[in-house]
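Asker: Next comes the structure file query-v6.cif, holding mmCIF, C-alpha atoms.
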```cif
data_entry
#
loop_
_atom_site.group_PDB
_atom_site.id
_atom_site.type_symbol
_atom_site.label_atom_id
_atom_site.label_comp_id
_atom_site.auth_asym_id
_atom_site.auth_seq_id
_atom_site.Cartn_x
_atom_site.Cartn_y
_atom_site.Cartn_z
ATOM 1 C CA THR T 1 -25.846 -58.050 -0.770
ATOM 2 C CA VAL T 2 -23.994 -61.126 -2.020
ATOM 3 C CA VAL T 3 -21.094 -59.021 -3.295
ATOM 4 C CA LEU T 4 -20.945 -57.091 -0.017
ATOM 5 C CA SER T 5 -20.965 -60.370 1.935
ATOM 6 C CA ILE T 6 -18.028 -61.612 -0.118
ATOM 7 C CA GLY T 7 -16.235 -58.372 0.722
ATOM 8 C CA VAL T 8 -16.897 -58.903 4.450
ATOM 9 C CA THR T 9 -15.549 -62.454 4.215
ATOM 10 C CA ASN T 10 -12.405 -61.319 2.403
ATOM 11 C CA MET T 11 -11.779 -58.590 4.970
ATOM 12 C CA SER T 12 -12.228 -61.005 7.877
ATOM 13 C CA LYS T 13 -9.358 -63.035 6.434
ATOM 14 C CA ARG T 14 -7.257 -59.887 6.904
ATOM 15 C CA ASN T 15 -8.326 -59.542 10.546
ATOM 16 C CA ALA T 16 -10.857 -56.758 9.807
ATOM 17 C CA ILE T 17 -14.305 -57.455 11.257
ATOM 18 C CA ILE T 18 -17.225 -55.630 9.604
ATOM 19 C CA ARG T 19 -20.448 -55.337 11.594
ATOM 20 C CA ARG T 20 -22.595 -53.652 8.948
ATOM 21 C CA LEU T 21 -22.542 -54.689 5.299
ATOM 22 C CA THR T 22 -22.939 -51.105 4.100
ATOM 23 C CA ALA T 23 -19.606 -50.269 5.696
ATOM 24 C CA VAL T 24 -17.883 -52.313 2.982
ATOM 25 C CA GLU T 25 -19.453 -50.121 0.310
ATOM 26 C CA THR T 26 -18.364 -46.993 2.199
ATOM 27 C CA LEU T 27 -14.802 -48.268 2.423
ATOM 28 C CA GLY T 28 -14.797 -49.009 -1.283
ATOM 29 C CA CYS T 29 -15.801 -45.401 -2.052
ATOM 30 C CA THR T 30 -13.312 -43.798 0.307
ATOM 31 C CA GLN T 31 -11.085 -41.152 -1.267
ATOM 32 C CA VAL T 32 -9.850 -39.260 1.803
ATOM 33 C CA ILE T 33 -9.244 -40.323 5.402
ATOM 34 C CA CYS T 34 -9.026 -37.682 8.143
ATOM 35 C CA SER T 35 -6.757 -38.877 10.926
ATOM 36 C CA ASP T 36 -5.821 -37.722 14.388
ATOM 37 C CA LYS T 37 -2.081 -37.483 15.031
ATOM 38 C CA THR T 38 -1.419 -38.430 18.651
ATOM 39 C CA GLY T 39 -1.866 -42.152 19.191
ATOM 40 C CA THR T 40 -2.846 -42.785 15.574
ATOM 41 C CA LEU T 41 0.231 -41.696 13.664
ATOM 42 C CA THR T 42 2.436 -41.478 16.751
ATOM 43 C CA GLN T 43 3.044 -44.079 19.453
ATOM 44 C CA ASN T 44 1.104 -42.166 22.127
ATOM 45 C CA ARG T 45 4.067 -42.695 24.454
ATOM 46 C CA ILE T 46 4.481 -39.130 25.626
ATOM 47 C CA SER T 47 7.469 -38.590 27.889
ATOM 48 C CA VAL T 48 9.209 -35.560 29.357
ATOM 49 C CA MET T 49 12.458 -34.916 27.519
ATOM 50 C CA ALA T 50 13.520 -31.657 29.184
ATOM 51 C CA CYS T 51 12.550 -28.957 31.664
ATOM 52 C CA ASN T 52 14.431 -25.896 30.441
ATOM 53 C CA ASP T 53 14.555 -22.188 31.145
ATOM 54 C CA LEU T 54 13.972 -19.726 28.312
ATOM 55 C CA TYR T 55 17.646 -20.016 27.343
ATOM 56 C CA GLY T 56 17.328 -23.766 26.696
ATOM 57 C CA THR T 57 19.243 -24.672 29.876
ATOM 58 C CA PRO T 58 17.952 -27.402 32.262
ATOM 59 C CA SER T 59 16.106 -25.741 35.151
ATOM 60 C CA LYS T 60 15.265 -27.262 38.549
ATOM 61 C CA LYS T 61 12.673 -24.518 39.086
ATOM 62 C CA VAL T 62 10.821 -25.423 35.888
ATOM 63 C CA GLU T 63 11.073 -29.101 36.789
ATOM 64 C CA LEU T 64 9.675 -28.604 40.311
ATOM 65 C CA PHE T 65 6.907 -26.234 39.220
ATOM 66 C CA ALA T 66 5.801 -28.635 36.455
ATOM 67 C CA CYS T 67 5.641 -31.534 38.906
ATOM 68 C CA LEU T 68 3.688 -29.485 41.461
ATOM 69 C CA ASN T 69 1.238 -28.306 38.803
ATOM 70 C CA SER T 70 0.351 -31.764 37.491
ATOM 71 C CA ARG T 71 0.320 -33.327 40.952
ATOM 72 C CA ASN T 72 -2.116 -30.827 42.459
ATOM 73 C CA LEU T 73 -4.745 -30.494 39.737
ATOM 74 C CA SER T 74 -8.145 -31.479 41.139
ATOM 75 C CA SER T 75 -9.722 -31.677 37.675
ATOM 76 C CA ALA T 76 -9.309 -34.464 35.130
ATOM 77 C CA THR T 77 -5.735 -34.904 33.972
ATOM 78 C CA ASN T 78 -4.384 -36.137 30.642
ATOM 79 C CA GLN T 79 -1.369 -37.883 29.120
ATOM 80 C CA ILE T 80 0.784 -34.786 29.544
ATOM 81 C CA ASP T 81 0.104 -34.781 33.285
ATOM 82 C CA TRP T 82 0.687 -38.540 33.528
ATOM 83 C CA ALA T 83 4.048 -38.133 31.792
ATOM 84 C CA ILE T 84 4.997 -35.349 34.234
ATOM 85 C CA ASP T 85 3.847 -37.448 37.212
ATOM 86 C CA GLU T 86 6.040 -40.319 36.011
ATOM 87 C CA TYR T 87 8.922 -37.887 35.599
ATOM 88 C CA ALA T 88 8.337 -36.570 39.147
ATOM 89 C CA TYR T 89 8.232 -40.095 40.591
ATOM 90 C CA GLU T 90 11.756 -40.700 39.293
ATOM 91 C CA ARG T 91 13.173 -37.461 40.719
ATOM 92 C CA TYR T 92 11.309 -36.461 43.871
ATOM 93 C CA SER T 93 10.205 -38.198 47.040
ATOM 94 C CA GLU T 94 6.640 -37.876 48.297
ATOM 95 C CA GLU T 95 7.945 -35.892 51.255
ATOM 96 C CA GLU T 96 9.619 -33.319 49.007
ATOM 97 C CA LEU T 97 6.452 -32.692 47.002
ATOM 98 C CA GLU T 98 4.155 -32.764 50.035
ATOM 99 C CA GLU T 99 6.026 -29.760 51.428
ATOM 100 C CA TYR T 100 3.911 -27.726 48.980
ATOM 101 C CA GLN T 101 0.331 -28.314 50.081
ATOM 102 C CA PRO T 102 -2.444 -27.523 47.568
ATOM 103 C CA VAL T 103 -4.455 -24.356 48.146
ATOM 104 C CA GLY T 104 -6.603 -24.236 44.988
ATOM 105 C CA ASP T 105 -6.613 -24.654 41.242
ATOM 106 C CA ILE T 106 -8.118 -23.298 38.031
ATOM 107 C CA PRO T 107 -8.864 -26.262 35.730
ATOM 108 C CA PHE T 108 -7.769 -26.521 32.114
ATOM 109 C CA ASP T 109 -10.217 -25.511 29.408
ATOM 110 C CA PHE T 110 -9.903 -25.296 25.639
ATOM 111 C CA ILE T 111 -10.418 -21.537 25.575
ATOM 112 C CA ARG T 112 -7.607 -20.657 27.999
ATOM 113 C CA ARG T 113 -5.477 -23.695 27.013
ATOM 114 C CA ARG T 114 -3.763 -23.715 30.383
ATOM 115 C CA ALA T 115 -4.157 -25.143 33.898
ATOM 116 C CA THR T 116 -3.227 -23.438 37.151
ATOM 117 C CA VAL T 117 -2.558 -24.619 40.686
ATOM 118 C CA ILE T 118 -1.846 -22.641 43.822
ATOM 119 C CA VAL T 119 0.353 -24.297 46.448
ATOM 120 C CA ARG T 120 1.553 -23.235 49.873
ATOM 121 C CA GLN T 121 5.226 -22.261 50.082
ATOM 122 C CA ASP T 122 5.127 -21.205 53.742
ATOM 123 C CA GLU T 123 2.738 -19.632 56.242
ATOM 124 C CA ASP T 124 2.762 -16.276 54.468
ATOM 125 C CA VAL T 125 3.344 -17.069 50.787
ATOM 126 C CA ASN T 126 1.614 -19.179 48.151
ATOM 127 C CA ILE T 127 2.829 -19.900 44.623
ATOM 128 C CA MET T 128 0.568 -19.767 41.575
ATOM 129 C CA ILE T 129 1.926 -22.121 38.878
ATOM 130 C CA THR T 130 0.423 -22.237 35.396
ATOM 131 C CA LYS T 131 1.332 -24.552 32.516
ATOM 132 C CA GLY T 132 -0.110 -24.545 29.030
ATOM 133 C CA ALA T 133 0.263 -23.591 25.384
ATOM 134 C CA ILE T 134 3.052 -21.064 24.875
ATOM 135 C CA PRO T 135 0.934 -18.199 23.398
ATOM 136 C CA GLU T 136 -1.537 -18.442 26.276
ATOM 137 C CA ILE T 137 1.245 -18.606 28.860
ATOM 138 C CA LEU T 138 2.888 -15.519 27.342
ATOM 139 C CA SER T 139 -0.452 -13.692 27.309
ATOM 140 C CA ILE T 140 -0.621 -13.773 31.137
ATOM 141 C CA SER T 141 3.093 -13.170 31.767
ATOM 142 C CA THR T 142 4.609 -9.722 32.264
ATOM 143 C CA GLY T 143 8.052 -10.783 33.473
ATOM 144 C CA TYR T 144 10.753 -13.391 32.988
ATOM 145 C CA LEU T 145 13.800 -14.670 34.849
ATOM 146 C CA ASP T 146 17.173 -13.510 33.551
ATOM 147 C CA PRO T 147 20.247 -15.816 33.678
ATOM 148 C CA ASP T 148 20.904 -14.709 37.276
ATOM 149 C CA GLY T 149 17.362 -15.548 38.363
ATOM 150 C CA ASN T 150 16.254 -11.920 38.625
ATOM 151 C CA ILE T 151 12.816 -10.817 37.408
ATOM 152 C CA GLN T 152 12.877 -8.587 34.318
ATOM 153 C CA PRO T 153 10.021 -7.038 32.294
ATOM 154 C CA LEU T 154 8.901 -9.268 29.423
ATOM 155 C CA ASN T 155 9.459 -7.424 26.137
ATOM 156 C CA ASN T 156 9.005 -8.185 22.448
ATOM 157 C CA ASP T 157 12.632 -9.220 21.970
ATOM 158 C CA ILE T 158 12.364 -11.867 24.699
ATOM 159 C CA VAL T 159 8.991 -13.049 23.362
ATOM 160 C CA ASN T 160 10.548 -13.463 19.905
ATOM 161 C CA ASP T 161 13.432 -15.431 21.446
ATOM 162 C CA ILE T 162 10.946 -17.671 23.256
ATOM 163 C CA MET T 163 8.889 -18.309 20.125
ATOM 164 C CA GLY T 164 12.059 -19.001 18.147
ATOM 165 C CA LEU T 165 13.111 -21.674 20.625
ATOM 166 C CA VAL T 166 9.607 -23.176 20.559
ATOM 167 C CA GLU T 167 9.763 -23.325 16.766
ATOM 168 C CA TRP T 168 13.186 -25.003 16.968
ATOM 169 C CA TYR T 169 11.890 -27.693 19.346
ATOM 170 C CA SER T 170 8.685 -28.171 17.366
ATOM 171 C CA ALA T 171 10.507 -28.518 14.039
ATOM 172 C CA LYS T 172 12.238 -31.565 15.534
ATOM 173 C CA GLY T 173 8.870 -33.144 16.395
ATOM 174 C CA MET T 174 8.826 -32.187 20.067
ATOM 175 C CA ARG T 175 5.786 -30.842 21.895
ATOM 176 C CA VAL T 176 6.371 -27.762 24.029
ATOM 177 C CA LEU T 177 4.405 -26.258 26.919
ATOM 178 C CA GLY T 178 5.232 -23.184 28.942
ATOM 179 C CA ILE T 179 5.478 -22.700 32.707
ATOM 180 C CA THR T 180 4.833 -19.377 34.416
ATOM 181 C CA HIS T 181 4.403 -18.447 38.077
ATOM 182 C CA LYS T 182 3.962 -15.739 40.683
ATOM 183 C CA TYR T 183 4.005 -15.454 44.463
ATOM 184 C CA LEU T 184 0.854 -14.526 46.376
ATOM 185 C CA PRO T 185 0.137 -13.637 49.988
ATOM 186 C CA SER T 186 -1.555 -16.524 51.788
ATOM 187 C CA GLY T 187 -5.201 -16.341 52.835
ATOM 188 C CA LYS T 188 -7.147 -16.484 49.579
ATOM 189 C CA LYS T 189 -8.852 -19.832 48.926
ATOM 190 C CA GLU T 190 -10.963 -19.302 45.794
ATOM 191 C CA PHE T 191 -9.406 -18.528 42.411
ATOM 192 C CA THR T 192 -10.648 -17.811 38.881
ATOM 193 C CA ALA T 193 -9.083 -17.153 35.490
ATOM 194 C CA GLU T 194 -9.095 -13.439 36.359
ATOM 195 C CA ASP T 195 -6.333 -14.175 38.875
ATOM 196 C CA GLU T 196 -4.064 -15.433 36.093
ATOM 197 C CA GLY T 197 -2.141 -12.266 35.358
ATOM 198 C CA ASP T 198 1.225 -10.571 35.918
ATOM 199 C CA LEU T 199 3.028 -13.905 36.071
ATOM 200 C CA ILE T 200 6.738 -14.586 35.550
ATOM 201 C CA PHE T 201 7.607 -16.737 32.536
ATOM 202 C CA THR T 202 9.731 -19.557 33.916
ATOM 203 C CA GLY T 203 10.547 -21.910 31.048
ATOM 204 C CA PHE T 204 9.583 -24.837 28.843
ATOM 205 C CA LEU T 205 8.420 -28.408 29.200
ATOM 206 C CA VAL T 206 9.584 -30.437 26.198
ATOM 207 C CA PHE T 207 7.916 -33.764 25.342
ATOM 208 C CA THR T 208 8.547 -36.505 22.817
ATOM 209 C CA ASP T 209 6.011 -38.795 21.136
ATOM 210 C CA PRO T 210 7.707 -40.900 18.400
ATOM 211 C CA VAL T 211 5.886 -41.785 15.180
ATOM 212 C CA LYS T 212 4.615 -45.331 14.836
ATOM 213 C CA GLU T 213 6.925 -47.667 12.965
ATOM 214 C CA THR T 214 3.975 -48.889 10.867
ATOM 215 C CA ALA T 215 2.635 -45.425 9.976
ATOM 216 C CA GLU T 216 4.783 -44.773 6.900
ATOM 217 C CA GLU T 217 3.924 -48.154 5.380
ATOM 218 C CA ALA T 218 0.205 -47.638 6.060
ATOM 219 C CA ILE T 219 0.226 -44.205 4.414
ATOM 220 C CA ALA T 220 2.055 -45.603 1.387
ATOM 221 C CA SER T 221 -0.511 -48.418 1.064
ATOM 222 C CA LEU T 222 -3.396 -45.944 1.177
ATOM 223 C CA LYS T 223 -1.686 -43.869 -1.502
ATOM 224 C CA ASP T 224 -1.396 -46.957 -3.716
ATOM 225 C CA TYR T 225 -5.172 -47.380 -3.419
ATOM 226 C CA GLY T 226 -5.754 -43.739 -4.344
ATOM 227 C CA ILE T 227 -6.715 -42.669 -0.830
ATOM 228 C CA GLY T 228 -5.396 -39.404 0.556
ATOM 229 C CA VAL T 229 -4.817 -38.681 4.231
ATOM 230 C CA LYS T 230 -5.436 -35.390 6.026
ATOM 231 C CA VAL T 231 -4.323 -34.849 9.623
ATOM 232 C CA LEU T 232 -6.492 -33.079 12.200
ATOM 233 C CA THR T 233 -4.541 -32.200 15.326
ATOM 234 C CA GLY T 234 -4.378 -29.791 18.217
ATOM 235 C CA ASP T 235 -0.585 -29.544 17.959
ATOM 236 C CA ASN T 236 1.123 -26.582 16.322
ATOM 237 C CA GLU T 237 2.057 -26.473 12.644
ATOM 238 C CA TYR T 238 5.741 -27.221 13.243
ATOM 239 C CA VAL T 239 5.190 -30.515 15.077
ATOM 240 C CA SER T 240 2.458 -31.438 12.589
ATOM 241 C CA ARG T 241 4.734 -30.771 9.611
ATOM 242 C CA TYR T 242 7.527 -32.848 11.152
ATOM 243 C CA VAL T 243 5.281 -35.875 11.755
ATOM 244 C CA CYS T 244 3.696 -35.653 8.305
ATOM 245 C CA GLU T 245 7.052 -35.459 6.548
ATOM 246 C CA GLU T 246 8.348 -38.391 8.598
ATOM 247 C CA ILE T 247 5.589 -40.706 7.349
ATOM 248 C CA GLY T 248 5.033 -39.433 3.810
ATOM 249 C CA ILE T 249 1.990 -37.151 4.119
ATOM 250 C CA PRO T 250 2.327 -33.935 2.051
ATOM 251 C CA ALA T 251 2.518 -30.929 4.367
ATOM 252 C CA ASP T 252 2.633 -28.065 1.862
ATOM 253 C CA ASN T 253 -0.724 -26.612 2.846
ATOM 254 C CA ILE T 254 -1.187 -26.465 6.615
ATOM 255 C CA LEU T 255 -4.194 -24.577 7.975
ATOM 256 C CA VAL T 256 -4.035 -23.269 11.538
ATOM 257 C CA GLY T 257 -6.856 -22.178 13.808
ATOM 258 C CA ASN T 258 -6.845 -18.425 13.170
ATOM 259 C CA GLN T 259 -6.821 -19.009 9.390
ATOM 260 C CA ILE T 260 -9.816 -21.342 9.649
ATOM 261 C CA ASP T 261 -11.678 -18.906 11.912
ATOM 262 C CA ALA T 262 -11.308 -16.181 9.268
ATOM 263 C CA MET T 263 -12.676 -18.373 6.436
ATOM 264 C CA SER T 264 -16.241 -18.745 5.251
ATOM 265 C CA ASP T 265 -17.609 -22.292 4.941
ATOM 266 C CA GLU T 266 -17.143 -22.145 1.180
ATOM 267 C CA GLU T 267 -13.545 -20.893 1.468
ATOM 268 C CA LEU T 268 -12.760 -23.640 3.986
ATOM 269 C CA LYS T 269 -14.276 -26.291 1.724
ATOM 270 C CA THR T 270 -12.191 -25.094 -1.224
ATOM 271 C CA SER T 271 -8.985 -24.909 0.808
ATOM 272 C CA VAL T 272 -9.459 -28.342 2.375
ATOM 273 C CA GLU T 273 -10.146 -30.017 -0.940
#
```
What is this structure when it is put down as structure tokens?

Answerer:
Amino acid sequence: TVVLSIGVTNMSKRNAIIRRLTAVETLGCTQVICSDKTGTLTQNRISVMACNDLYGTPSKKVELFACLNSRNLSSATNQIDWAIDEYAYERYSEEELEEYQPVGDIPFDFIRRRATVIVRQDEDVNIMITKGAIPEILSISTGYLDPDGNIQPLNNDIVNDIMGLVEWYSAKGMRVLGITHKYLPSGKKEFTAEDEGDLIFTGFLVFTDPVKETAEEAIASLKDYGIGVKVLTGDNEYVSRYVCEEIGIPADNILVGNQIDAMSDEELKTSVE
């Protein structure tokens, strides 16, 4: 107890307050720290960098649809939506956005990994707008807009082009979401996930979240003390690799969700260690 108390006193001199003495012993035995990425290793200052079509060109349609989606969600929103709302505030007046009155929405969940709103375009037509993770957006899209704005069937070549552009953005540390939409006859008021189908892939939302200036030094200090760091994140492997390499965390062995799902507990334990 005396030794632990001395440890608490020494840590308080370094601006670390320990409530329980046993925590000092735990810290002394630590060999691995599992860390979140967003807000822990990065600055948690997410901002919209671009609203682009699938050719990487700035798109007013993507921009407007993204702003309408985040603005009209009735469920809880997150930092992505706040960043889009801030982006919308700088580019649209309230009157412009209020022209599209909300009709309904399908909230985000971690199974679908997307959120949908339905807004009124005019007396006869509503627009369903969905944003979310690229694979999930592609899974409900059957068309895309060609360079002339015409709807074309979504095929494997276009999907590969889309995923290639996502990988390019992600490899530079940017987060990417997809936007897809379709037009509906007015009248319907209630919507479910079953209505999310046969949409038109519209483009990308690209976000930045810079790494913390202190992260690299902190990781190096932990390494000096023999403590390894593993990152647990919901972002894709490309963004995760970029952030890890920026701050000195080895990123040679990245496990993604479908790999983990296919592993037994013993296989996962071995791979993680």

Asker: Starting from the displayed file, determine the output of the PyMOL selection byres ((chain T and resi 204) around 9) and express the residue list as a VMD selection string.

Answerer: chain T and resid 50 to 54 56 62 134 166 176 to 179 202 to 203 205 to 206

Asker: Calculate how many Å separate atom CA of T:Ile84 from atom CA of T:Cys67, rounding to one decimal.

Answerer: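 Spanning atom CA of T:Ile84 to atom CA of T:Cys67 is a straight-line distance of 6.1 Å.
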
Asker: Residue by residue, what does the PyMOL selection byres ((chain T and resi 33-45) around 8) grab here? Present the result as a PyMOL selection string.

Answerer: chain T and resi 30-32+46-47+208-212+215+227-233+240+243

Asker: Taking the file as shown, find all residues satisfying the PyMOL selection byres ((chain T and resi 184) around 9) and write them as a list in words.

Answerer: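 Applied to this file, the PyMOL selection byres ((chain T and resi 184) around 9) returns Ile118, Asp124, Val125, Asn126, Ile127, Met128, Lys182, Tyr183, Pro185, Ser186 and Lys188 of chain T.
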
Asker: Find the residues near T:Asn150: any atom within 12 Å, counting all atoms listed in the file, skip ones fewer than 3 places away on the same chain, and give them as a ChimeraX atom specification.

Answerer: /T:143-147,153,200-202

Asker: Name the residues in contact with T:Ala220 at a cut-off of 9 Å, using only C-alpha atoms, excluding same-chain residues fewer than 5 positions from it; report them as a ChimeraX atom specification.

Answerer: /T:215,225,247-249

Asker: Dump C-alpha atoms for the selected residues as an mmCIF file, keeping the file's coordinate frame?

Answerer:
```
data_model
loop_
_atom_site.group_PDB
_atom_site.id
_atom_site.type_symbol
_atom_site.label_atom_id
_atom_site.label_comp_id
_atom_site.auth_asym_id
_atom_site.auth_seq_id
_atom_site.Cartn_x
_atom_site.Cartn_y
_atom_site.Cartn_z
ATOM 1 C CA ALA T 215 2.635 -45.425 9.976
ATOM 2 C CA TYR T 225 -5.172 -47.380 -3.419
ATOM 3 C CA ILE T 247 5.589 -40.706 7.349
ATOM 4 C CA GLY T 248 5.033 -39.433 3.810
ATOM 5 C CA ILE T 249 1.990 -37.151 4.119
#
```

Asker: When you draw a straight line from atom CA of T:Glu245 to atom CA of T:Leu268, how long is it in Å?

Answerer: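 Taking atom CA of T:Glu245 as the start and atom CA of T:Leu268 as the end point, the length is 23.2 Å.
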
Asker: Please, what distance in Å, to one decimal, runs between atom CA of T:Leu97 and atom CA of T:Glu123?

Answerer: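 Pair atom CA of T:Leu97 / atom CA of T:Glu123 returns 16.4 Å.
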
Asker: Hey, could you patch up stretch 24-37 of chain T with N, CA, C and O atoms and hand it over as a CSV table (one decimal), in the coordinates of the input?

Answerer:
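Result file selection.csv:
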```csv
chain,number,residue,atom,x,y,z
T,24,VAL,N,-18.8,-51.9,4.0
T,24,VAL,CA,-17.9,-52.3,3.0
T,24,VAL,C,-18.0,-51.4,1.8
T,24,VAL,O,-17.0,-51.0,1.2
T,25,GLU,N,-19.2,-51.0,1.4
T,25,GLU,CA,-19.5,-50.1,0.3
T,25,GLU,C,-18.8,-48.8,0.6
T,25,GLU,O,-18.2,-48.2,-0.3
T,26,THR,N,-19.0,-48.3,1.8
T,26,THR,CA,-18.4,-47.0,2.2
T,26,THR,C,-16.9,-47.0,2.1
T,26,THR,O,-16.2,-46.1,1.5
T,27,LEU,N,-16.3,-48.1,2.5
T,27,LEU,CA,-14.8,-48.3,2.4
T,27,LEU,C,-14.4,-48.3,1.0
T,27,LEU,O,-13.3,-47.7,0.6
T,28,GLY,N,-15.1,-48.9,0.1
T,28,GLY,CA,-14.8,-49.0,-1.3
T,28,GLY,C,-14.9,-47.7,-2.0
T,28,GLY,O,-14.2,-47.5,-3.0
T,29,CYS,N,-15.7,-46.7,-1.4
T,29,CYS,CA,-15.8,-45.4,-2.1
T,29,CYS,C,-14.9,-44.4,-1.4
T,29,CYS,O,-14.9,-43.2,-1.9
T,30,THR,N,-14.1,-44.8,-0.4
T,30,THR,CA,-13.3,-43.8,0.3
T,30,THR,C,-12.2,-43.2,-0.6
T,30,THR,O,-11.5,-43.9,-1.2
T,31,GLN,N,-12.1,-41.9,-0.5
T,31,GLN,CA,-11.1,-41.2,-1.3
T,31,GLN,C,-10.1,-40.4,-0.3
T,31,GLN,O,-9.0,-40.2,-0.7
T,32,VAL,N,-10.6,-40.0,0.8
T,32,VAL,CA,-9.8,-39.3,1.8
T,32,VAL,C,-10.1,-39.8,3.2
T,32,VAL,O,-11.3,-40.0,3.5
T,33,ILE,N,-9.1,-40.0,4.0
T,33,ILE,CA,-9.2,-40.3,5.4
T,33,ILE,C,-8.7,-39.2,6.2
T,33,ILE,O,-7.6,-38.7,6.0
T,34,CYS,N,-9.5,-38.7,7.2
T,34,CYS,CA,-9.0,-37.7,8.1
T,34,CYS,C,-8.6,-38.4,9.4
T,34,CYS,O,-9.3,-39.1,10.0
T,35,SER,N,-7.4,-38.1,9.8
T,35,SER,CA,-6.8,-38.9,10.9
T,35,SER,C,-6.3,-37.9,12.0
T,35,SER,O,-5.8,-36.8,11.8
T,36,ASP,N,-6.5,-38.4,13.3
T,36,ASP,CA,-5.8,-37.7,14.4
T,36,ASP,C,-4.3,-38.0,14.3
T,36,ASP,O,-3.9,-38.9,13.6
T,37,LYS,N,-3.5,-37.3,15.0
T,37,LYS,CA,-2.1,-37.5,15.0
T,37,LYS,C,-1.6,-38.3,16.2
T,37,LYS,O,-1.1,-39.4,16.1
```
